[in-house]
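Peer 1: Take a look at run_38.cif, mmCIF, C-alpha atoms:
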```cif
data_start
#
loop_
_atom_site.group_PDB
_atom_site.id
_atom_site.type_symbol
_atom_site.label_atom_id
_atom_site.label_comp_id
_atom_site.auth_asym_id
_atom_site.auth_seq_id
_atom_site.Cartn_x
_atom_site.Cartn_y
_atom_site.Cartn_z
ATOM 1 C CA MET A 1 -5.760 6.504 4.179
ATOM 2 C CA ALA A 2 -9.409 6.540 5.126
ATOM 3 C CA ASP A 3 -8.775 9.276 7.672
ATOM 4 C CA SER A 4 -6.913 11.377 5.091
ATOM 5 C CA ARG A 5 -9.746 11.087 2.592
ATOM 6 C CA TYR A 6 -12.262 12.028 5.266
ATOM 7 C CA ALA A 7 -10.210 15.070 6.290
ATOM 8 C CA ALA A 8 -9.879 16.211 2.693
ATOM 9 C CA ARG A 9 -13.582 15.767 2.127
ATOM 10 C CA SER A 10 -14.343 17.797 5.271
ATOM 11 C CA VAL A 11 -12.105 20.669 4.164
ATOM 12 C CA TYR A 12 -13.677 20.680 0.705
ATOM 13 C CA LYS A 13 -17.146 20.643 2.217
ATOM 14 C CA ASP A 14 -16.305 23.587 4.517
ATOM 15 C CA LYS A 15 -14.914 25.595 1.599
ATOM 16 C CA TRP A 16 -17.990 24.828 -0.481
ATOM 17 C CA SER A 17 -20.266 25.823 2.369
ATOM 18 C CA LEU A 18 -18.399 29.110 2.850
ATOM 19 C CA SER A 19 -18.551 29.834 -0.872
ATOM 20 C CA THR A 20 -22.293 29.104 -0.949
ATOM 21 C CA LYS A 21 -22.941 31.414 1.996
ATOM 22 C CA SER A 22 -20.935 34.190 0.332
ATOM 23 C CA ILE A 23 -22.955 33.843 -2.868
ATOM 24 C CA GLN A 24 -26.204 33.870 -0.889
ATOM 25 C CA PHE A 25 -25.090 37.001 0.961
ATOM 26 C CA LEU A 26 -24.267 38.845 -2.274
ATOM 27 C CA LEU A 27 -27.515 37.715 -3.896
ATOM 28 C CA VAL A 28 -29.530 38.988 -0.920
ATOM 29 C CA ILE A 29 -27.806 42.377 -1.085
ATOM 30 C CA GLY A 30 -28.327 42.616 -4.854
ATOM 31 C CA LEU A 31 -31.954 41.526 -4.731
ATOM 32 C CA SER A 32 -32.629 43.956 -1.869
ATOM 33 C CA LEU A 33 -31.235 46.823 -3.909
ATOM 34 C CA VAL A 34 -33.334 45.835 -6.930
ATOM 35 C CA LEU A 35 -36.541 45.589 -4.883
ATOM 36 C CA THR A 36 -35.854 48.892 -3.141
ATOM 37 C CA ILE A 37 -35.227 50.738 -6.400
ATOM 38 C CA TRP A 38 -38.294 49.110 -7.960
ATOM 39 C CA ILE A 39 -40.653 50.032 -5.126
ATOM 40 C CA SER A 40 -39.314 53.469 -4.159
ATOM 41 C CA ASP A 41 -39.994 56.685 -6.068
ATOM 42 C CA ASP A 42 -39.040 60.361 -5.905
ATOM 43 C CA SER A 43 -41.279 60.942 -2.890
ATOM 44 C CA TYR A 44 -39.045 58.697 -0.737
ATOM 45 C CA SER A 45 -36.609 60.478 1.562
ATOM 46 C CA ASP A 46 -33.123 59.100 2.113
ATOM 47 C CA THR A 47 -34.239 57.726 5.478
ATOM 48 C CA ALA A 48 -37.224 55.936 3.950
ATOM 49 C CA TYR A 49 -35.071 54.538 1.139
ATOM 50 C CA TYR A 50 -32.398 53.136 3.457
ATOM 51 C CA THR A 51 -35.004 51.760 5.854
ATOM 52 C CA LEU A 52 -36.763 49.887 3.055
ATOM 53 C CA LEU A 53 -33.427 48.504 1.906
ATOM 54 C CA LEU A 54 -32.701 47.367 5.461
ATOM 55 C CA LEU A 55 -36.078 45.599 5.638
ATOM 56 C CA PHE A 56 -35.378 43.527 2.530
ATOM 57 C CA MET A 57 -31.797 42.798 3.583
ATOM 58 C CA ALA A 58 -32.754 41.625 7.078
ATOM 59 C CA ILE A 59 -35.543 39.376 5.806
ATOM 60 C CA GLY A 60 -33.316 37.865 3.134
ATOM 61 C CA LEU A 61 -30.416 37.207 5.499
ATOM 62 C CA TRP A 62 -32.666 35.648 8.128
ATOM 63 C CA VAL A 63 -34.384 33.396 5.581
ATOM 64 C CA THR A 64 -31.228 32.259 3.771
ATOM 65 C CA GLU A 65 -29.043 32.185 6.922
ATOM 66 C CA ALA A 66 -26.186 33.498 4.813
ATOM 67 C CA ILE A 67 -24.808 34.843 8.090
ATOM 68 C CA PRO A 68 -25.779 33.730 11.620
ATOM 69 C CA PRO A 69 -29.082 35.206 12.876
ATOM 70 C CA PHE A 70 -27.398 37.071 15.735
ATOM 71 C CA ALA A 71 -25.020 38.674 13.230
ATOM 72 C CA VAL A 72 -28.021 40.079 11.342
ATOM 73 C CA ALA A 73 -29.140 41.877 14.510
ATOM 74 C CA ILE A 74 -25.664 43.396 14.922
ATOM 75 C CA LEU A 75 -25.620 44.306 11.239
ATOM 76 C CA ILE A 76 -28.936 46.142 11.638
ATOM 77 C CA ILE A 77 -27.542 48.335 14.421
ATOM 78 C CA GLY A 78 -24.385 49.105 12.455
ATOM 79 C CA TYR A 79 -26.414 49.825 9.318
ATOM 80 C CA LEU A 80 -28.694 52.232 11.169
ATOM 81 C CA ILE A 81 -25.724 54.109 12.625
ATOM 82 C CA PHE A 82 -23.735 54.474 9.403
ATOM 83 C CA ALA A 83 -26.524 54.735 6.826
ATOM 84 C CA LEU A 84 -29.108 56.833 8.658
ATOM 85 C CA GLY A 85 -26.730 58.682 10.965
ATOM 86 C CA SER A 86 -24.160 59.652 8.346
ATOM 87 C CA GLU A 87 -24.283 63.134 6.795
ATOM 88 C CA PHE A 88 -22.559 61.730 3.716
ATOM 89 C CA LEU A 89 -25.264 59.114 3.025
ATOM 90 C CA ASN A 90 -28.351 60.784 4.495
ATOM 91 C CA SER A 91 -29.448 64.312 3.690
ATOM 92 C CA ASP A 92 -31.322 64.431 6.988
ATOM 93 C CA PRO A 93 -29.112 62.414 9.373
ATOM 94 C CA ILE A 94 -30.504 60.977 12.601
ATOM 95 C CA ASP A 95 -28.653 61.053 15.903
ATOM 96 C CA PRO A 96 -26.863 57.655 16.136
ATOM 97 C CA THR A 97 -27.451 57.498 19.894
ATOM 98 C CA LYS A 98 -31.104 56.853 19.089
ATOM 99 C CA TYR A 99 -30.035 53.364 18.004
ATOM 100 C CA THR A 100 -27.124 52.713 20.345
ATOM 101 C CA ASN A 101 -29.293 53.567 23.362
ATOM 102 C CA THR A 102 -31.396 50.477 22.639
ATOM 103 C CA LEU A 103 -28.452 48.392 23.848
ATOM 104 C CA SER A 104 -28.969 49.868 27.318
ATOM 105 C CA SER A 105 -32.678 49.055 27.333
ATOM 106 C CA PRO A 106 -33.754 47.374 30.607
ATOM 107 C CA ILE A 107 -35.630 44.747 28.602
ATOM 108 C CA ILE A 108 -32.474 43.784 26.687
ATOM 109 C CA TRP A 109 -30.515 43.389 29.897
ATOM 110 C CA LEU A 110 -33.402 41.529 31.466
ATOM 111 C CA LEU A 111 -33.205 38.957 28.666
ATOM 112 C CA LEU A 112 -29.410 38.787 28.885
ATOM 113 C CA GLY A 113 -29.691 38.294 32.640
ATOM 114 C CA GLY A 114 -31.892 35.271 32.075
ATOM 115 C CA PHE A 115 -29.368 33.720 29.711
ATOM 116 C CA PHE A 116 -26.511 34.448 32.134
ATOM 117 C CA LEU A 117 -28.474 32.758 34.914
ATOM 118 C CA SER A 118 -29.068 29.793 32.635
ATOM 119 C CA GLN A 119 -25.353 29.396 31.949
ATOM 120 C CA GLY A 120 -24.562 29.898 35.623
ATOM 121 C CA MET A 121 -26.995 27.145 36.557
ATOM 122 C CA GLN A 122 -25.242 24.742 34.205
ATOM 123 C CA LYS A 123 -21.789 25.615 35.549
ATOM 124 C CA THR A 124 -22.789 25.270 39.214
ATOM 125 C CA ARG A 125 -25.179 22.333 38.612
ATOM 126 C CA LEU A 126 -27.998 24.327 40.130
ATOM 127 C CA ASP A 127 -30.030 23.182 37.131
ATOM 128 C CA LEU A 128 -29.847 19.622 38.461
ATOM 129 C CA ALA A 129 -30.897 20.839 41.916
ATOM 130 C CA VAL A 130 -34.009 22.510 40.463
ATOM 131 C CA PHE A 131 -34.819 19.380 38.485
ATOM 132 C CA LYS A 132 -34.378 17.162 41.553
ATOM 133 C CA PHE A 133 -36.592 19.458 43.630
ATOM 134 C CA ALA A 134 -39.454 19.303 41.120
ATOM 135 C CA THR A 135 -39.184 15.551 40.596
ATOM 136 C CA GLY A 136 -38.712 14.918 44.308
ATOM 137 C CA VAL A 137 -42.017 16.596 45.138
ATOM 138 C CA PHE A 138 -44.074 15.197 42.248
ATOM 139 C CA GLY A 139 -42.374 11.830 41.722
ATOM 140 C CA SER A 140 -41.014 10.027 38.662
ATOM 141 C CA LYS A 141 -44.284 9.263 36.874
ATOM 142 C CA PRO A 142 -44.193 11.065 33.506
ATOM 143 C CA ASN A 143 -47.467 12.988 33.855
ATOM 144 C CA LEU A 144 -46.809 14.115 37.423
ATOM 145 C CA MET A 145 -43.214 15.040 36.645
ATOM 146 C CA LEU A 146 -44.414 17.164 33.732
ATOM 147 C CA LEU A 147 -46.892 18.902 36.039
ATOM 148 C CA GLY A 148 -44.173 19.567 38.587
ATOM 149 C CA LEU A 149 -41.849 21.119 36.016
ATOM 150 C CA MET A 150 -44.652 23.250 34.589
ATOM 151 C CA LEU A 151 -45.717 24.529 38.015
ATOM 152 C CA THR A 152 -42.090 25.277 38.897
ATOM 153 C CA SER A 153 -41.796 27.259 35.660
ATOM 154 C CA LEU A 154 -45.106 28.980 36.391
ATOM 155 C CA PHE A 155 -44.096 30.280 39.810
ATOM 156 C CA SER A 156 -40.522 31.053 38.743
ATOM 157 C CA SER A 157 -41.816 33.315 35.996
ATOM 158 C CA MET A 158 -43.747 35.343 38.578
ATOM 159 C CA ILE A 159 -40.547 36.620 40.179
ATOM 160 C CA LEU A 160 -38.365 36.545 37.046
ATOM 161 C CA SER A 161 -39.341 37.424 33.511
ATOM 162 C CA ASN A 162 -40.990 34.580 31.617
ATOM 163 C CA THR A 163 -38.006 34.499 29.247
ATOM 164 C CA ALA A 164 -35.505 34.177 32.094
ATOM 165 C CA ALA A 165 -37.609 31.503 33.798
ATOM 166 C CA THR A 166 -37.812 29.523 30.559
ATOM 167 C CA ALA A 167 -34.057 29.751 30.027
ATOM 168 C CA MET A 168 -33.348 28.474 33.530
ATOM 169 C CA MET A 169 -35.911 25.685 33.482
ATOM 170 C CA ILE A 170 -34.828 24.442 30.054
ATOM 171 C CA ALA A 171 -31.271 24.361 31.394
ATOM 172 C CA SER A 172 -32.443 22.267 34.336
ATOM 173 C CA VAL A 173 -34.180 19.608 32.213
ATOM 174 C CA LEU A 174 -31.693 19.321 29.348
ATOM 175 C CA PRO A 175 -29.475 16.789 31.197
ATOM 176 C CA PHE A 176 -32.526 14.576 31.753
ATOM 177 C CA ILE A 177 -33.759 14.934 28.158
ATOM 178 C CA ARG A 178 -30.300 13.985 26.853
ATOM 179 C CA SER A 179 -30.336 10.874 29.050
ATOM 180 C CA ILE A 180 -33.518 9.367 27.547
ATOM 181 C CA GLU A 181 -34.195 8.074 24.068
ATOM 182 C CA LYS A 182 -34.499 10.543 21.248
ATOM 183 C CA GLY A 183 -38.071 11.546 20.347
ATOM 184 C CA ALA A 184 -39.621 10.331 23.605
ATOM 185 C CA PRO A 185 -43.120 11.796 24.143
ATOM 186 C CA ILE A 186 -42.194 13.072 27.609
ATOM 187 C CA SER A 187 -39.277 15.102 26.242
ATOM 188 C CA LYS A 188 -41.546 16.775 23.679
ATOM 189 C CA ALA A 189 -44.162 17.505 26.333
ATOM 190 C CA ILE A 190 -41.539 19.023 28.649
ATOM 191 C CA LEU A 191 -40.021 21.250 25.970
ATOM 192 C CA ILE A 192 -43.482 22.555 25.056
ATOM 193 C CA GLY A 193 -44.872 22.682 28.584
ATOM 194 C CA ILE A 194 -42.080 24.687 30.243
ATOM 195 C CA PRO A 195 -42.200 27.769 27.968
ATOM 196 C CA ALA A 196 -46.005 27.615 27.915
ATOM 197 C CA ALA A 197 -46.174 27.525 31.725
ATOM 198 C CA ALA A 198 -43.616 30.333 32.004
ATOM 199 C CA THR A 199 -45.642 32.442 29.584
ATOM 200 C CA LEU A 200 -48.796 31.842 31.595
ATOM 201 C CA GLY A 201 -46.983 32.544 34.866
ATOM 202 C CA GLY A 202 -45.817 35.850 33.442
ATOM 203 C CA MET A 203 -49.400 37.047 33.726
ATOM 204 C CA GLY A 204 -49.400 36.527 37.487
ATOM 205 C CA THR A 205 -47.334 39.545 38.532
ATOM 206 C CA ILE A 206 -46.330 42.922 37.153
ATOM 207 C CA ILE A 207 -42.671 41.880 36.896
ATOM 208 C CA GLY A 208 -43.517 38.514 35.337
ATOM 209 C CA SER A 209 -43.364 39.871 31.804
ATOM 210 C CA PRO A 210 -42.062 43.176 30.365
ATOM 211 C CA PRO A 211 -45.412 43.956 28.629
ATOM 212 C CA ASN A 212 -47.074 43.909 32.061
ATOM 213 C CA ALA A 213 -44.908 46.798 33.242
ATOM 214 C CA VAL A 214 -45.638 48.686 30.019
ATOM 215 C CA ALA A 215 -49.383 48.156 30.529
ATOM 216 C CA VAL A 216 -49.226 49.381 34.145
ATOM 217 C CA ALA A 217 -47.290 52.495 33.092
ATOM 218 C CA LEU A 218 -49.889 53.338 30.434
ATOM 219 C CA ILE A 219 -52.746 52.776 32.892
ATOM 220 C CA GLN A 220 -51.070 55.011 35.460
ATOM 221 C CA GLU A 221 -50.756 57.760 32.850
ATOM 222 C CA SER A 222 -54.548 57.687 32.537
ATOM 223 C CA GLY A 223 -54.888 58.439 36.247
ATOM 224 C CA LYS A 224 -55.506 54.924 37.587
ATOM 225 C CA ASP A 225 -53.164 53.059 39.890
ATOM 226 C CA ILE A 226 -52.576 49.299 40.004
ATOM 227 C CA SER A 227 -50.668 47.836 42.916
ATOM 228 C CA PHE A 228 -48.558 44.693 42.823
ATOM 229 C CA LEU A 229 -51.044 42.848 45.029
ATOM 230 C CA SER A 230 -54.128 43.883 43.047
ATOM 231 C CA TRP A 231 -52.488 42.637 39.843
ATOM 232 C CA MET A 232 -51.745 39.283 41.497
ATOM 233 C CA VAL A 233 -55.324 38.963 42.758
ATOM 234 C CA ALA A 234 -56.604 39.380 39.207
ATOM 235 C CA GLY A 235 -53.906 37.390 37.389
ATOM 236 C CA LEU A 236 -52.878 34.520 39.670
ATOM 237 C CA LEU A 237 -55.956 32.298 39.448
ATOM 238 C CA PRO A 238 -56.365 32.483 35.638
ATOM 239 C CA CYS A 239 -52.718 31.619 34.967
ATOM 240 C CA ILE A 240 -52.838 28.604 37.331
ATOM 241 C CA LEU A 241 -56.055 27.301 35.791
ATOM 242 C CA LEU A 242 -54.701 27.756 32.277
ATOM 243 C CA CYS A 243 -51.520 25.921 33.264
ATOM 244 C CA PHE A 244 -53.498 22.892 34.450
ATOM 245 C CA MET A 245 -55.577 22.975 31.267
ATOM 246 C CA PHE A 246 -52.464 23.082 29.102
ATOM 247 C CA TRP A 247 -50.918 20.227 31.112
ATOM 248 C CA TRP A 248 -54.073 18.164 30.541
ATOM 249 C CA VAL A 249 -53.819 18.749 26.783
ATOM 250 C CA LEU A 250 -50.133 17.782 26.733
ATOM 251 C CA ILE A 251 -50.619 14.486 28.551
ATOM 252 C CA ARG A 252 -53.376 13.607 26.079
ATOM 253 C CA VAL A 253 -51.357 14.517 22.986
ATOM 254 C CA TYR A 254 -48.003 13.120 24.196
ATOM 255 C CA LYS A 255 -48.942 9.920 25.988
ATOM 256 C CA SER A 256 -45.982 8.261 27.657
ATOM 257 C CA GLN A 257 -45.841 4.470 27.658
ATOM 258 C CA ARG A 258 -43.664 4.373 30.757
ATOM 259 C CA GLY A 259 -45.040 3.941 34.237
ATOM 260 C CA GLU A 260 -41.891 5.291 35.895
ATOM 261 C CA LEU A 261 -38.928 7.286 34.628
ATOM 262 C CA ASP A 262 -35.303 6.720 35.521
ATOM 263 C CA LEU A 263 -34.232 10.049 36.994
ATOM 264 C CA ALA A 264 -30.540 9.157 37.223
ATOM 265 C CA ILE A 265 -28.817 11.700 34.997
ATOM 266 C CA LYS A 266 -25.444 11.224 33.377
ATOM 267 C CA THR A 267 -23.546 14.505 33.215
ATOM 268 C CA ASN A 268 -21.099 15.540 30.502
ATOM 269 C CA ASP A 269 -18.138 14.304 32.563
ATOM 270 C CA GLY A 270 -19.695 10.842 32.899
ATOM 271 C CA GLU A 271 -20.871 11.218 36.482
ATOM 272 C CA HIS A 272 -24.298 9.942 37.517
ATOM 273 C CA VAL A 273 -26.375 12.229 39.735
#
```
Represent the supplied structure as structure tokens.
Peer 2:
Amino acid sequence: MADSRYAARSVYKDKWSLSTKSIQFLLVIGLSLVLTIWISDDSYSDTAYYTLLLLFMAIGLWVTEAIPPFAVAILIIGYLIFALGSEFLNSDPIDPTKYTNTLSSPIIWLLLGGFFLSQGMQKTRLDLAVFKFATGVFGSKPNLMLLGLMLTSLFSSMILSNTAATAMMIASVLPFIRSIEKGAPISKAILIGIPAAATLGGMGTIIGSPPNAVAVALIQESGKDISFLSWMVAGLLPCILLCFMFWWVLIRVYKSQRGELDLAIKTNDGEHV
């Protein structure tokens, strides 16, 4: 009987949640239309009108989470194609390929590649190998282990993008974080330190971060040339120093009470590694 009541309550809750999301979605659309009509005037072109409407819709859907955040991004692309690229809706239609071509952007695929690598590391347990390498070199003391993971992230982000390096390193430490108590200072320090170190490491090379390549291209257009080595000479030392400074701040803010950490990790299938 208890199980039946629980199942019924779960179904009711799911239906209520779906109904609430639907209402939120319709309210966002309605409010976006009202705001667009209120702000716009006769000087607005069809493109400007639809773009303003899209702005309000996207903000509202992201804030209310009436639909998943990734679905909002897909909705934006579809909206741009059918609203701005349609001769029926737009008096001055825009070529839809202007928006669909963004899906083939090297930066988009660079980010996707990082997430694919992250999933691949979890499937092949390479994430555990990276974690063991860092902890094997720096030991199991919380502060030194944090430094090892941050330096590994730092140097990884010099040959990958900082986003890809973060995705892979987070994948490597998640089994360990799940194996310790919830809210442990070391877990907070690791989850803050890895992306920070990867961001700093992205300054070390031209390929470390997409904005670096954009900056080099703009500098080359002005007649100056920057080689890979000259960028490293200028960027390597500052990013390493900043990484150590950030590590020092983290170990002061998130002080661990443990002298040693148990690095035995229990995987999802119950195996200890």
Peer 1: With distances taken over all atoms listed in the file, which residue among A:Ala58, A:Ala184, A:Val214, A:Leu26 lies nearest Ala71 of chain A?
Peer 2: A:Ala58
Peer 1: Kindly give the distance, in Å, that separates atom CA of Ile186 of chain A and atom CA of Lys132 of chain A, rounded to a single decimal.
Peer 2: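 Interatomic distance here is 16.5 Å.
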Peer 1: What's around Ile94 of chain A at 10 Å? Count all atoms listed in the file, leave out sequence neighbours fewer than 2 positions away in its own chain, and write the answer as an MDAnalysis selection string.
Peer 2: chainID A and resid 47 80:87 90:92 96:99
Peer 1: Could you name the residues that touch Phe244 of chain A at 10 Å or less, counting all atoms listed in the file, but leaving out those on the same chain fewer than 6 positions away, as a PyMOL selection string?
Peer 2: chain A and resi 147+150-151+197+250
Peer 1: Can you pull out the residues contacting Ser227 of chain A? Cut-off 10 Å, using only C-alpha atoms, and skip same-chain residues under 4 positions away; I want them as a list in words.
Peer 2: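 What passes the distance filter is Thr205, Ile206, Val216, Trp231 and Met232 of chain A.
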Peer 1: Restricted to C-alpha atoms, what would the selected residues look like written as a PDB file, in the coordinates of the input?
Peer 2:
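For reference, part.pdb as written:
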```
ATOM      1  CA  THR A 205     -47.334  39.545  38.532  1.00  0.00           C
ATOM      2  CA  ILE A 206     -46.330  42.922  37.153  1.00  0.00           C
ATOM      3  CA  VAL A 216     -49.226  49.381  34.145  1.00  0.00           C
ATOM      4  CA  TRP A 231     -52.488  42.637  39.843  1.00  0.00           C
ATOM      5  CA  MET A 232     -51.745  39.283  41.497  1.00  0.00           C
TER       6      MET A 232
END
```
Peer 1: Which is closest to Ala48 of chain A among A:Pro93, A:Gly60, A:Gly78, A:Gly113, if we use only C-alpha atoms?
Peer 2: A:Pro93
Peer 1: Apply the PyMOL selection byres ((chain A and resi 158) around 12) to the displayed file and report the matching residues as a PyMOL selection string.
Peer 2: chain A and resi 151-157+159-166+197-210+212+228+231-232+235-236+239-240
Peer 1: Quick one: distance from atom CA of Lys21 of chain A to atom CA of Ala66 of chain A in Å, one decimal?
Peer 2: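 Pair atom CA of Lys21 of chain A / atom CA of Ala66 of chain A returns 4.8 Å.
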Peer 1: Grab the atom CA of Phe176 of chain A to atom CA of Gln119 of chain A distance for me, in Å with one decimal place.
Peer 2: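 These atoms are spaced 16.5 Å apart.
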Peer 1: Counting all atoms listed in the file, what is within 12 Å of Gln257 of chain A, bar same-chain residues fewer than 5 positions away, as a PyMOL selection string?
Peer 2: chain A and resi 141-143+184-186+251-252
Peer 1: Could you please take those selected residues and save C-alpha atoms as a short mmCIF file (atom, residue, chain, number, x, y, z; two decimals), keeping the file's coordinate frame?
Peer 2:
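Saved result, selection-v4.cif, follows:
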```cif
data_model
loop_
_atom_site.label_atom_id
_atom_site.label_comp_id
_atom_site.auth_asym_id
_atom_site.auth_seq_id
_atom_site.Cartn_x
_atom_site.Cartn_y
_atom_site.Cartn_z
CA LYS A 141 -44.28 9.26 36.87
CA PRO A 142 -44.19 11.06 33.51
CA ASN A 143 -47.47 12.99 33.85
CA ALA A 184 -39.62 10.33 23.60
CA PRO A 185 -43.12 11.80 24.14
CA ILE A 186 -42.19 13.07 27.61
CA ILE A 251 -50.62 14.49 28.55
CA ARG A 252 -53.38 13.61 26.08
#
```
Peer 1: Care to translate the PyMOL selection byres ((chain A and resi 56) around 9) into actual residues of this file, as a ChimeraX atom specification?
Peer 2: /A:28-29,31-33,35-36,51-55,57-61
Peer 1: Leaving out Val130 of chain A and any residue of its chain fewer than 5 positions from it, which residues lie within 9 Å of it when counting only C-alpha atoms, given as a CSV table (one decimal) with C-alpha atoms, in the coordinates of the input?
Peer 2:
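Generated file (part-v5.csv):
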```csv
chain,number,residue,atom,x,y,z
A,135,THR,CA,-39.2,15.6,40.6
A,152,THR,CA,-42.1,25.3,38.9
A,169,MET,CA,-35.9,25.7,33.5
A,172,SER,CA,-32.4,22.3,34.3
A,173,VAL,CA,-34.2,19.6,32.2
```
Peer 1: Put a box with edges along x, y and z around all the listed atoms of segment 168-180 of chain A, pad it by 8 Å on each side, then give me its centre and sizes in Å, one decimal, as lines of an AutoDock Vina configuration file.
Peer 2:
```
center_x = -32.7
center_y = 18.9
center_z = 30.6
size_x = 22.4
size_y = 35.1
size_z = 23.5
```
Peer 1: Kindly indicate which residue among A:Gln24, A:Ser45, A:Phe116, A:Glu65 lies nearest to Leu89 of chain A, using only C-alpha atoms for the distances.
Peer 2: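 Smallest separation from Leu89 of chain A among the options: A:Ser45.
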